[in-house]
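Before any comments, here is the structure.
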There are 4 protein chains.
Amino acid sequence: MLIRIGYELAFEVPRPTSMQLMLYVHPDQAGALRGPETIAVEPDLPVADFIDAFGNRAGRILAPAGSLRIRYDNVIDDPGRPDVPFKGQPLTPVHEMPPECWRFLLASRYCEVDRMSEVAWDLFGSTPESWERVQAVVDWVHGNVTFGYPFARPTKSACDVYLERQGVCRDFQHLAITFLRALNIPARYTTGFLGDIGVPASPSPMDFSAWAEVYIGGAWYPIDARHNQARIGRIVMARGRDAVDVALTTSFGATTLTQFTVWTEEIAAAAA
Amino acid sequence: MLIRIGYELAFEVPRPTSMQLMLYVHPDQAGALRGPETIAVEPDLPVADFIDAFGNRAGRILAPAGSLRIRYDNVIDDPGRPDVPFKGQPLTPVHEMPPECWRFLLASRYCEVDRMSEVAWDLFGSTPESWERVQAVVDWVHGNVTFGYPFARPTKSACDVYLERQGVCRDFQHLAITFLRALNIPARYTTGFLGDIGVPASPSPMDFSAWAEVYIGGAWYPIDARHNQARIGRIVMARGRDAVDVALTTSFGATTLTQFTVWTEEIAAAAA
Amino acid sequence: MLIRIGYELAFEVPRPTSMQLMLYVHPDQAGALRGPETIAVEPDLPVADFIDAFGNRAGRILAPAGSLRIRYDNVIDDPGRPDVPFKGQPLTPVHEMPPECWRFLLASRYCEVDRMSEVAWDLFGSTPESWERVQAVVDWVHGNVTFGYPFARPTKSACDVYLERQGVCRDFQHLAITFLRALNIPARYTTGFLGDIGVPASPSPMDFSAWAEVYIGGAWYPIDARHNQARIGRIVMARGRDAVDVALTTSFGATTLTQFTVWTEEIAAAAA
Amino acid sequence: MLIRIGYELAFEVPRPTSMQLMLYVHPDQAGALRGPETIAVEPDLPVADFIDAFGNRAGRILAPAGSLRIRYDNVIDDPGRPDVPFKGQPLTPVHEMPPECWRFLLASRYCEVDRMSEVAWDLFGSTPESWERVQAVVDWVHGNVTFGYPFARPTKSACDVYLERQGVCRDFQHLAITFLRALNIPARYTTGFLGDIGVPASPSPMDFSAWAEVYIGGAWYPIDARHNQARIGRIVMARGRDAVDVALTTSFGATTLTQFTVWTEEIAAAAA
């Protein structure tokens, strides 16, 4: 399945400002891209790339004062398979996990595992020690948190989401991730493109999406407490402990976002 | 200068429990050790080593039910030079920092950079854009926070320390690190051995110590808002974003610490 | 000066629900009303009045399932004098305050005096022990917090406002009140009608307003960290420790606000 | 039953400081005292009494610099009846409560009803709408929170207690009160003398105690999530929304507590 992906962002920059961009397709999936990966910047600026400590490809620019425009457009060949639950699969004991899992068991800025541990065991301690425990967490978060853009705020943590029961995409994932880690199940935060493929089109404007991944049965599987349904075409851009690690743009100084457009849509093979 | 370092820890373990140990000398300094690095465990268990995402050497054991004893004893050859302030050194602009610095500018569990940013700029925005800004942060934290063991609690964050003005070693470092990151100065949390060398002996029992490091002038320099004086013999064990990443032991299940002894003392060359 | 005041509120009530209304003019000012005080409720319901522990007049209804409409319209004769700062007036020592002041020195839900005390003394400890200290608090809050409706959230406390520097009317007042109490200056939260009299008309729809009062020189004086300018025609509806005590309507069950209109405008004497 | 009650407190006062004392027996029970109520202060100071907004008797002193000693000793004639659960008693609908109940349904500093409401309904929403719901709350808090003096901290709120599951007397009560209010059951915080009468003597030194009261069946009944057993001889000193309102001593300036002794013991009738 071919999926067209891209975005156009614009900023006003009052004075020269360093910006980090996590706006590439993740190296794990970049091999399936049909076109070269180019972030077009106006004015024309060099983008210095690097691979961060989570294996994400990031870019860095020094934006001059004035208007800044960032654009990307590409086509990716996706297997087009929906998420498949890993029913009955036993959880991996901590001592059998590879070392890379460790950091995804720990607390992070928006995932206060230390504070939420008792609640997690209250709610999920009697579920089976298998994929069904993961599913129970996803079901609970999906069923108990109400989605709404006005509920977003930059400092909102999993603990806030648990108490307030309201949030946006990232809030659903932060709460699920926190419960999972407290239950000794490695969970990482994932951002990327996720179009309305095989599901009714969302009435909201297209946006980047956040979901999560859990380590079970020797691999990482996507879960999504926001949608809680099998989806097709998750194109990963970045992974990390929580939203801190994978902010699509991080400005080291004040900037104002003036345009934000994202596209993610299946295209007919001929159109590619 | 030769420094004898070591520890003896004991735990009661109610049921088989996976434990992660960050109890080695950091690979950066391990070359100066006089003896082989061995963590002796009773009962005799294999310790599976790995290098984590921050470059720390960590070990992992599956502790059986019963008593557990962990012991280490070694001698390290330290240059014996005190910390030197880097007076007048300009801060590094974000776009000139190497990529490894990035994650040490971001918020983490106990360092809520996002919440403390306004306060940081209020307090330090008018200091010089050089080492003196770092020193101003260290001075402020040292001068405004009262040390006391009863003030420790596992969930205490930089924001709590700022408001409550009380804490232990790690709390001083978390607050300083948070201010520094908010000011776009990379700062990382460091644990290790720090004996009372060249300073009056502390009346408290010897403990591991926490300090911090800032990136300035192309390298990482130690700072210490707890002591705020030049010290000799900082033997690094682990570095990370905050205390989450470098807990000396992390148990994935309930364990009870029953003994805790640490030694760090200069020894005469002949005694080695 | 005659001021016409009133409101019309509508709710959808899914099942019979008890509601408390703080929608009268405060008994201290009710003597200046030109008409009788009647809260008209549709459907026609008895409103059981009582005076609460702060001296406010409150009403209580048992709303049946269905649509609920609450309407009030009246004219009040206001002296039309602007707020006057009490320049040079010394603060009242705690031991000279009347007992009624005590509770307005203590922490409350949205005013965490216990957590904000150190910050308050850092910021204002060197100001004169007079009205000028009050003014310094109002100036600081007014100058450092940005107003915006999207920044409102029901659980936001003074501490949040201090860290986030964003909020609505009530947030400005909560932060100022918290600083004042920490400085041993009694401060209470006040809600009421405040029209754009003698000032440019606000572009936002008319709303109820929140301000605060401080005890100094033997009386309570209005302060307003939101506007920080002398205003005319503050018609008090209720006073309390913070927004908890003076919510205009409190529903003991789920209800949905479907209409909210408030009016407060000077009228020509002949029009009354 | 005759119970001897009293205390001796000492403070060091660095400079003249206003102090509020809530150290009398509550007026509701003071009629049962055998001796006059006198708070003896050294140096000899006038104690200015007043009744606060909750009906508590409070005193106020202006302590001079130096040592301060406060002593009270009395005998009270207590009915000696244990707390009796009010089994099967229906909860009072909000619209049938007397107005005095209202403020004990609202959020306060340490009882964040607004944040804990969802959790309360999750945990207790399916219990009967009677005394059994109250008992379920008390049982839950008693069974899920661990008592320990090191867990005390002045800023700890119900929400913290819920997440951390550790605390002292006041923390148990704050959590229970918060759950109850969220469930529309009026609950107030109570401090007083509570000796080990009819129960095994506690190994800890005697202290003042905190419990709570709920409004049900037309009256206020004691509940105690800390002990969760019927007790004899609850001598009320003060009631309020939470610990803020009934601090035994409140100093408006720095003071240091240097002695703290409390006695509460049944005495033989002849000894009185």
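Every chain in the structure tokens has a letter given in the order shown (A, B, ...), and although residue numbers restart at 1 in each chain, ligands are simply numbered from 1 in the order shown.
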
Give me, as a PDB file with N, CA, C and O atoms, in the first residue's frame, the residues of chain B touching chain A, with the criterion being at most 9 Å (counting only C-alpha atoms).
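Final output, saved to result_17.pdb:
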```
ATOM      1  N   THR B  17      13.551 -12.038  42.612  1.00  0.00           N
ATOM      2  CA  THR B  17      13.347 -10.681  42.122  1.00  0.00           C
ATOM      3  C   THR B  17      14.508 -10.260  41.231  1.00  0.00           C
ATOM      4  O   THR B  17      15.668 -10.428  41.586  1.00  0.00           O
ATOM      5  N   SER B  18      14.172  -9.683  40.121  1.00  0.00           N
ATOM      6  CA  SER B  18      15.191  -9.148  39.219  1.00  0.00           C
ATOM      7  C   SER B  18      15.697  -7.822  39.768  1.00  0.00           C
ATOM      8  O   SER B  18      14.904  -6.973  40.174  1.00  0.00           O
ATOM      9  N   MET B  19      17.004  -7.648  39.782  1.00  0.00           N
ATOM     10  CA  MET B  19      17.587  -6.387  40.262  1.00  0.00           C
ATOM     11  C   MET B  19      18.617  -5.872  39.265  1.00  0.00           C
ATOM     12  O   MET B  19      19.385  -6.643  38.707  1.00  0.00           O
ATOM     13  N   GLN B  20      18.590  -4.574  39.071  1.00  0.00           N
ATOM     14  CA  GLN B  20      19.596  -3.924  38.244  1.00  0.00           C
ATOM     15  C   GLN B  20      20.558  -3.206  39.176  1.00  0.00           C
ATOM     16  O   GLN B  20      20.138  -2.495  40.089  1.00  0.00           O
ATOM     17  N   PHE B  50      25.930  -5.043  31.277  1.00  0.00           N
ATOM     18  CA  PHE B  50      25.647  -4.392  30.003  1.00  0.00           C
ATOM     19  C   PHE B  50      25.964  -2.908  30.130  1.00  0.00           C
ATOM     20  O   PHE B  50      26.113  -2.392  31.239  1.00  0.00           O
ATOM     21  N   ILE B  51      26.122  -2.254  28.986  1.00  0.00           N
ATOM     22  CA  ILE B  51      26.341  -0.807  28.965  1.00  0.00           C
ATOM     23  C   ILE B  51      25.014  -0.172  28.597  1.00  0.00           C
ATOM     24  O   ILE B  51      24.414  -0.519  27.584  1.00  0.00           O
ATOM     25  N   ASP B  52      24.547   0.756  29.416  1.00  0.00           N
ATOM     26  CA  ASP B  52      23.224   1.336  29.149  1.00  0.00           C
ATOM     27  C   ASP B  52      23.318   2.489  28.143  1.00  0.00           C
ATOM     28  O   ASP B  52      24.394   2.785  27.619  1.00  0.00           O
ATOM     29  N   ALA B  53      22.197   3.121  27.886  1.00  0.00           N
ATOM     30  CA  ALA B  53      22.125   4.143  26.844  1.00  0.00           C
ATOM     31  C   ALA B  53      22.884   5.418  27.196  1.00  0.00           C
ATOM     32  O   ALA B  53      23.047   6.305  26.356  1.00  0.00           O
ATOM     33  N   PHE B  54      23.330   5.525  28.439  1.00  0.00           N
ATOM     34  CA  PHE B  54      24.132   6.681  28.834  1.00  0.00           C
ATOM     35  C   PHE B  54      25.619   6.342  28.932  1.00  0.00           C
ATOM     36  O   PHE B  54      26.414   7.156  29.378  1.00  0.00           O
ATOM     37  N   ARG B  60      23.034  -7.065  36.179  1.00  0.00           N
ATOM     38  CA  ARG B  60      21.687  -7.534  36.448  1.00  0.00           C
ATOM     39  C   ARG B  60      21.757  -8.896  37.104  1.00  0.00           C
ATOM     40  O   ARG B  60      22.541  -9.745  36.683  1.00  0.00           O
ATOM     41  N   ILE B  61      20.961  -9.080  38.126  1.00  0.00           N
ATOM     42  CA  ILE B  61      20.903 -10.374  38.794  1.00  0.00           C
ATOM     43  C   ILE B  61      19.445 -10.774  38.986  1.00  0.00           C
ATOM     44  O   ILE B  61      18.547  -9.930  38.975  1.00  0.00           O
ATOM     45  N   LEU B  62      19.262 -12.060  39.156  1.00  0.00           N
ATOM     46  CA  LEU B  62      17.954 -12.560  39.567  1.00  0.00           C
ATOM     47  C   LEU B  62      18.137 -13.074  40.989  1.00  0.00           C
ATOM     48  O   LEU B  62      18.646 -14.182  41.208  1.00  0.00           O
ATOM     49  N   PRO B  93      26.583  28.106  22.583  1.00  0.00           N
ATOM     50  CA  PRO B  93      25.261  28.249  21.939  1.00  0.00           C
ATOM     51  C   PRO B  93      24.704  26.873  21.574  1.00  0.00           C
ATOM     52  O   PRO B  93      25.473  25.963  21.231  1.00  0.00           O
ATOM     53  N   VAL B  94      23.401  26.740  21.634  1.00  0.00           N
ATOM     54  CA  VAL B  94      22.773  25.438  21.393  1.00  0.00           C
ATOM     55  C   VAL B  94      23.188  24.866  20.048  1.00  0.00           C
ATOM     56  O   VAL B  94      23.471  23.680  19.934  1.00  0.00           O
ATOM     57  N   HIS B  95      23.274  25.705  19.015  1.00  0.00           N
ATOM     58  CA  HIS B  95      23.564  25.150  17.694  1.00  0.00           C
ATOM     59  C   HIS B  95      25.024  24.722  17.539  1.00  0.00           C
ATOM     60  O   HIS B  95      25.381  24.110  16.555  1.00  0.00           O
ATOM     61  N   PRO B  99      25.486  16.642  19.414  1.00  0.00           N
ATOM     62  CA  PRO B  99      24.154  16.063  19.624  1.00  0.00           C
ATOM     63  C   PRO B  99      23.966  15.403  20.994  1.00  0.00           C
ATOM     64  O   PRO B  99      22.864  15.403  21.521  1.00  0.00           O
ATOM     65  N   GLU B 100      25.016  14.867  21.574  1.00  0.00           N
ATOM     66  CA  GLU B 100      24.885  14.208  22.875  1.00  0.00           C
ATOM     67  C   GLU B 100      24.367  15.153  23.956  1.00  0.00           C
ATOM     68  O   GLU B 100      23.893  14.722  25.002  1.00  0.00           O
ATOM     69  N   TRP B 102      21.922  17.243  23.658  1.00  0.00           N
ATOM     70  CA  TRP B 102      20.512  17.571  23.533  1.00  0.00           C
ATOM     71  C   TRP B 102      19.662  17.023  24.684  1.00  0.00           C
ATOM     72  O   TRP B 102      18.885  17.739  25.308  1.00  0.00           O
ATOM     73  N   ARG B 103      19.822  15.720  24.924  1.00  0.00           N
ATOM     74  CA  ARG B 103      18.922  15.130  25.925  1.00  0.00           C
ATOM     75  C   ARG B 103      19.137  15.722  27.318  1.00  0.00           C
ATOM     76  O   ARG B 103      18.279  15.592  28.179  1.00  0.00           O
ATOM     77  N   LEU B 106      16.656  18.656  28.159  1.00  0.00           N
ATOM     78  CA  LEU B 106      15.217  18.394  28.212  1.00  0.00           C
ATOM     79  C   LEU B 106      14.730  18.088  29.624  1.00  0.00           C
ATOM     80  O   LEU B 106      15.517  17.797  30.525  1.00  0.00           O
ATOM     81  N   ALA B 107      13.425  18.123  29.786  1.00  0.00           N
ATOM     82  CA  ALA B 107      12.800  17.796  31.069  1.00  0.00           C
ATOM     83  C   ALA B 107      12.903  16.299  31.338  1.00  0.00           C
ATOM     84  O   ALA B 107      12.913  15.484  30.410  1.00  0.00           O
ATOM     85  N   SER B 108      12.971  15.931  32.597  1.00  0.00           N
ATOM     86  CA  SER B 108      12.951  14.525  32.982  1.00  0.00           C
ATOM     87  C   SER B 108      12.130  14.403  34.265  1.00  0.00           C
ATOM     88  O   SER B 108      11.594  15.390  34.767  1.00  0.00           O
ATOM     89  N   ARG B 109      11.999  13.195  34.773  1.00  0.00           N
ATOM     90  CA  ARG B 109      11.051  12.939  35.871  1.00  0.00           C
ATOM     91  C   ARG B 109      11.183  13.937  37.020  1.00  0.00           C
ATOM     92  O   ARG B 109      10.193  14.481  37.481  1.00  0.00           O
ATOM     93  N   TYR B 110      12.401  14.124  37.503  1.00  0.00           N
ATOM     94  CA  TYR B 110      12.581  14.973  38.679  1.00  0.00           C
ATOM     95  C   TYR B 110      13.066  16.376  38.307  1.00  0.00           C
ATOM     96  O   TYR B 110      13.343  17.177  39.198  1.00  0.00           O
ATOM     97  N   CYS B 111      13.182  16.652  37.042  1.00  0.00           N
ATOM     98  CA  CYS B 111      13.663  17.960  36.573  1.00  0.00           C
ATOM     99  C   CYS B 111      12.647  18.521  35.579  1.00  0.00           C
ATOM    100  O   CYS B 111      12.787  18.382  34.368  1.00  0.00           O
ATOM    101  N   GLU B 112      11.611  19.167  36.102  1.00  0.00           N
ATOM    102  CA  GLU B 112      10.516  19.662  35.262  1.00  0.00           C
ATOM    103  C   GLU B 112      10.915  20.982  34.614  1.00  0.00           C
ATOM    104  O   GLU B 112      10.438  22.046  35.014  1.00  0.00           O
ATOM    105  N   ASP B 114      10.064  22.261  31.919  1.00  0.00           N
ATOM    106  CA  ASP B 114       8.917  22.967  31.362  1.00  0.00           C
ATOM    107  C   ASP B 114       8.201  23.834  32.397  1.00  0.00           C
ATOM    108  O   ASP B 114       7.717  24.911  32.085  1.00  0.00           O
ATOM    109  N   ARG B 115       8.130  23.352  33.635  1.00  0.00           N
ATOM    110  CA  ARG B 115       7.412  24.109  34.665  1.00  0.00           C
ATOM    111  C   ARG B 115       8.303  25.176  35.318  1.00  0.00           C
ATOM    112  O   ARG B 115       7.792  26.129  35.893  1.00  0.00           O
ATOM    113  N   PRO B 154      10.956   9.801  48.009  1.00  0.00           N
ATOM    114  CA  PRO B 154      11.293   9.293  46.679  1.00  0.00           C
ATOM    115  C   PRO B 154      10.654  10.068  45.525  1.00  0.00           C
ATOM    116  O   PRO B 154      11.205  10.080  44.433  1.00  0.00           O
ATOM    117  N   THR B 155       9.526  10.706  45.749  1.00  0.00           N
ATOM    118  CA  THR B 155       8.843  11.375  44.647  1.00  0.00           C
ATOM    119  C   THR B 155       9.193  12.859  44.533  1.00  0.00           C
ATOM    120  O   THR B 155       8.612  13.573  43.721  1.00  0.00           O
ATOM    121  N   ASN B 184      19.209  26.693  28.935  1.00  0.00           N
ATOM    122  CA  ASN B 184      19.872  26.124  27.756  1.00  0.00           C
ATOM    123  C   ASN B 184      21.326  25.722  28.011  1.00  0.00           C
ATOM    124  O   ASN B 184      22.152  25.744  27.102  1.00  0.00           O
ATOM    125  N   VAL B 244      16.433   8.964  38.402  1.00  0.00           N
ATOM    126  CA  VAL B 244      15.770   7.786  37.827  1.00  0.00           C
ATOM    127  C   VAL B 244      16.764   6.896  37.088  1.00  0.00           C
ATOM    128  O   VAL B 244      16.734   5.675  37.215  1.00  0.00           O
ATOM    129  N   ASP B 245      17.638   7.535  36.309  1.00  0.00           N
ATOM    130  CA  ASP B 245      18.512   6.770  35.414  1.00  0.00           C
ATOM    131  C   ASP B 245      19.654   6.078  36.128  1.00  0.00           C
ATOM    132  O   ASP B 245      20.270   5.175  35.551  1.00  0.00           O
ATOM    133  N   PHE B 252      12.863  -4.980  40.786  1.00  0.00           N
ATOM    134  CA  PHE B 252      11.567  -5.120  40.113  1.00  0.00           C
ATOM    135  C   PHE B 252      10.696  -6.062  40.938  1.00  0.00           C
ATOM    136  O   PHE B 252      10.346  -7.160  40.517  1.00  0.00           O
TER     137      PHE B 252
END
```

Which polymer residues have any atom within 9 Å of an atom of Asn56 (chain C), counting only C-alpha atoms, with same-chain residues fewer than 3 positions away left out, as an mmCIF file with N, CA and C atoms, in the first residue's frame?
```cif
data_model
loop_
_atom_site.group_PDB
_atom_site.id
_atom_site.type_symbol
_atom_site.label_atom_id
_atom_site.label_comp_id
_atom_site.auth_asym_id
_atom_site.auth_seq_id
_atom_site.Cartn_x
_atom_site.Cartn_y
_atom_site.Cartn_z
ATOM 1 N N MET C 22 -25.030 31.138 44.286
ATOM 2 C CA MET C 22 -24.526 32.352 44.941
ATOM 3 C C MET C 22 -24.725 33.472 43.957
ATOM 4 N N TYR C 24 -26.991 36.204 44.442
ATOM 5 C CA TYR C 24 -27.562 37.443 44.974
ATOM 6 C C TYR C 24 -26.462 38.489 45.111
ATOM 7 N N VAL C 25 -26.889 39.737 45.218
ATOM 8 C CA VAL C 25 -25.952 40.772 45.653
ATOM 9 C C VAL C 25 -25.667 40.529 47.133
ATOM 10 N N HIS C 26 -24.425 40.768 47.536
ATOM 11 C CA HIS C 26 -24.031 40.509 48.922
ATOM 12 C C HIS C 26 -24.870 41.376 49.875
ATOM 13 N N PRO C 27 -25.272 40.840 51.015
ATOM 14 C CA PRO C 27 -26.076 41.620 51.967
ATOM 15 C C PRO C 27 -25.464 42.990 52.306
ATOM 16 N N ASP C 28 -24.136 43.116 52.277
ATOM 17 C CA ASP C 28 -23.515 44.421 52.569
ATOM 18 C C ASP C 28 -23.927 45.507 51.575
ATOM 19 N N PHE C 50 -30.230 30.978 52.419
ATOM 20 C CA PHE C 50 -29.544 30.937 53.716
ATOM 21 C C PHE C 50 -28.314 31.836 53.641
ATOM 22 N N ILE C 51 -27.803 32.186 54.803
ATOM 23 C CA ILE C 51 -26.565 32.971 54.881
ATOM 24 C C ILE C 51 -25.454 31.995 55.241
ATOM 25 N N ASP C 52 -24.407 31.975 54.441
ATOM 26 C CA ASP C 52 -23.351 30.990 54.692
ATOM 27 C C ASP C 52 -22.351 31.493 55.730
ATOM 28 N N ALA C 53 -21.326 30.716 55.983
ATOM 29 C CA ALA C 53 -20.378 31.032 57.048
ATOM 30 C C ALA C 53 -19.516 32.247 56.753
ATOM 31 N N MET C 237 -20.953 40.012 45.037
ATOM 32 C CA MET C 237 -21.940 38.950 45.196
ATOM 33 C C MET C 237 -21.537 38.003 46.342
ATOM 34 N N ALA C 238 -20.276 37.643 46.396
ATOM 35 C CA ALA C 238 -19.868 36.713 47.450
ATOM 36 C C ALA C 238 -18.386 36.849 47.742
ATOM 37 N N ARG C 239 -18.053 36.514 48.971
ATOM 38 C CA ARG C 239 -16.651 36.526 49.407
ATOM 39 C C ARG C 239 -16.319 35.187 50.048
ATOM 40 N N GLY C 240 -15.049 34.800 49.932
ATOM 41 C CA GLY C 240 -14.627 33.561 50.559
ATOM 42 C C GLY C 240 -13.121 33.421 50.514
ATOM 43 N N VAL C 246 -17.128 30.440 46.590
ATOM 44 C CA VAL C 246 -18.043 31.401 45.986
ATOM 45 C C VAL C 246 -18.430 31.029 44.557
#
```

Discussion item. Residues of region 61-99 of chain B classed as helix (DSSP H, G or I) by DSSP on the backbone are to be reported as a count of residues only.
Written reply: 4

Item to complete: Extract the full set of strand (DSSP E or B) residues from region 6-155 of chain A according to DSSP on the backbone, and format it as an NGL selection string.
Response: :A and (6-13 or 17-21 or 33 or 40-42 or 48-51 or 57-63 or 66-77 or 90 or 108 or 111 or 130 or 146-147)

Worksheet item: CA of Ala247 (chain D) and CA of Tyr149 (chain D) are how many Å apart?
Response: 17.6 Å

Practice prompt. Would you mind listing what lies within 8 Å of region 127-137 of chain B as an NGL selection string, with only C-alpha atoms counted and same-chain residues fewer than 4 positions away left out?
Written response: :B and (85-91 or 141 or 176 or 179-180 or 216)

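The smallest atom-to-atom distance between Phe147 (chain A) and any of A:Gly125, A:Gly192, A:Gly167, A:Pro14, using only C-alpha atoms, is found for A:Gly167.
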
Worksheet item: If you count only C-alpha atoms, which residues fall within 10 Å of Arg153 (chain A), apart from same-chain ones fewer than 4 positions away, as a PyMOL selection string?
Response: (chain A and resi 149+157+167-168+171) or (chain C and resi 150-151+153)

Selected residues, N, CA, C and O atoms, written as a CSV table (one decimal), in the first residue's frame, please.
```csv
chain,number,residue,atom,x,y,z
A,149,TYR,N,-9.6,18.5,22.5
A,149,TYR,CA,-8.5,19.4,22.3
A,149,TYR,C,-8.4,20.4,23.4
A,149,TYR,O,-7.3,20.8,23.8
A,157,SER,N,0.7,15.5,33.0
A,157,SER,CA,1.4,14.3,33.1
A,157,SER,C,0.3,13.1,33.3
A,157,SER,O,-0.9,13.4,33.4
A,167,GLY,N,-8.2,14.4,28.0
A,167,GLY,CA,-6.9,14.7,27.4
A,167,GLY,C,-6.9,14.5,25.9
A,167,GLY,O,-8.0,14.2,25.3
A,168,VAL,N,-5.8,14.7,25.3
A,168,VAL,CA,-5.6,14.5,23.9
A,168,VAL,C,-4.7,13.2,23.7
A,168,VAL,O,-4.3,12.6,24.7
A,171,ASP,N,-1.9,12.3,26.0
A,171,ASP,CA,-2.3,12.0,27.3
A,171,ASP,C,-2.7,10.6,27.5
A,171,ASP,O,-2.4,9.9,28.5
C,150,PRO,N,-8.1,30.3,27.1
C,150,PRO,CA,-7.7,28.9,27.0
C,150,PRO,C,-6.8,28.4,28.1
C,150,PRO,O,-6.6,27.2,28.3
C,151,PHE,N,-6.3,29.3,29.0
C,151,PHE,CA,-5.5,28.9,30.1
C,151,PHE,C,-6.3,28.5,31.3
C,151,PHE,O,-5.7,28.1,32.3
C,153,ARG,N,-8.4,26.3,33.8
C,153,ARG,CA,-8.8,24.9,34.0
C,153,ARG,C,-9.3,24.8,35.5
C,153,ARG,O,-8.8,25.5,36.4
```

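Take CA of Pro200 (chain C) and CA of Ile177 (chain C): the distance between them is 26.5 Å.
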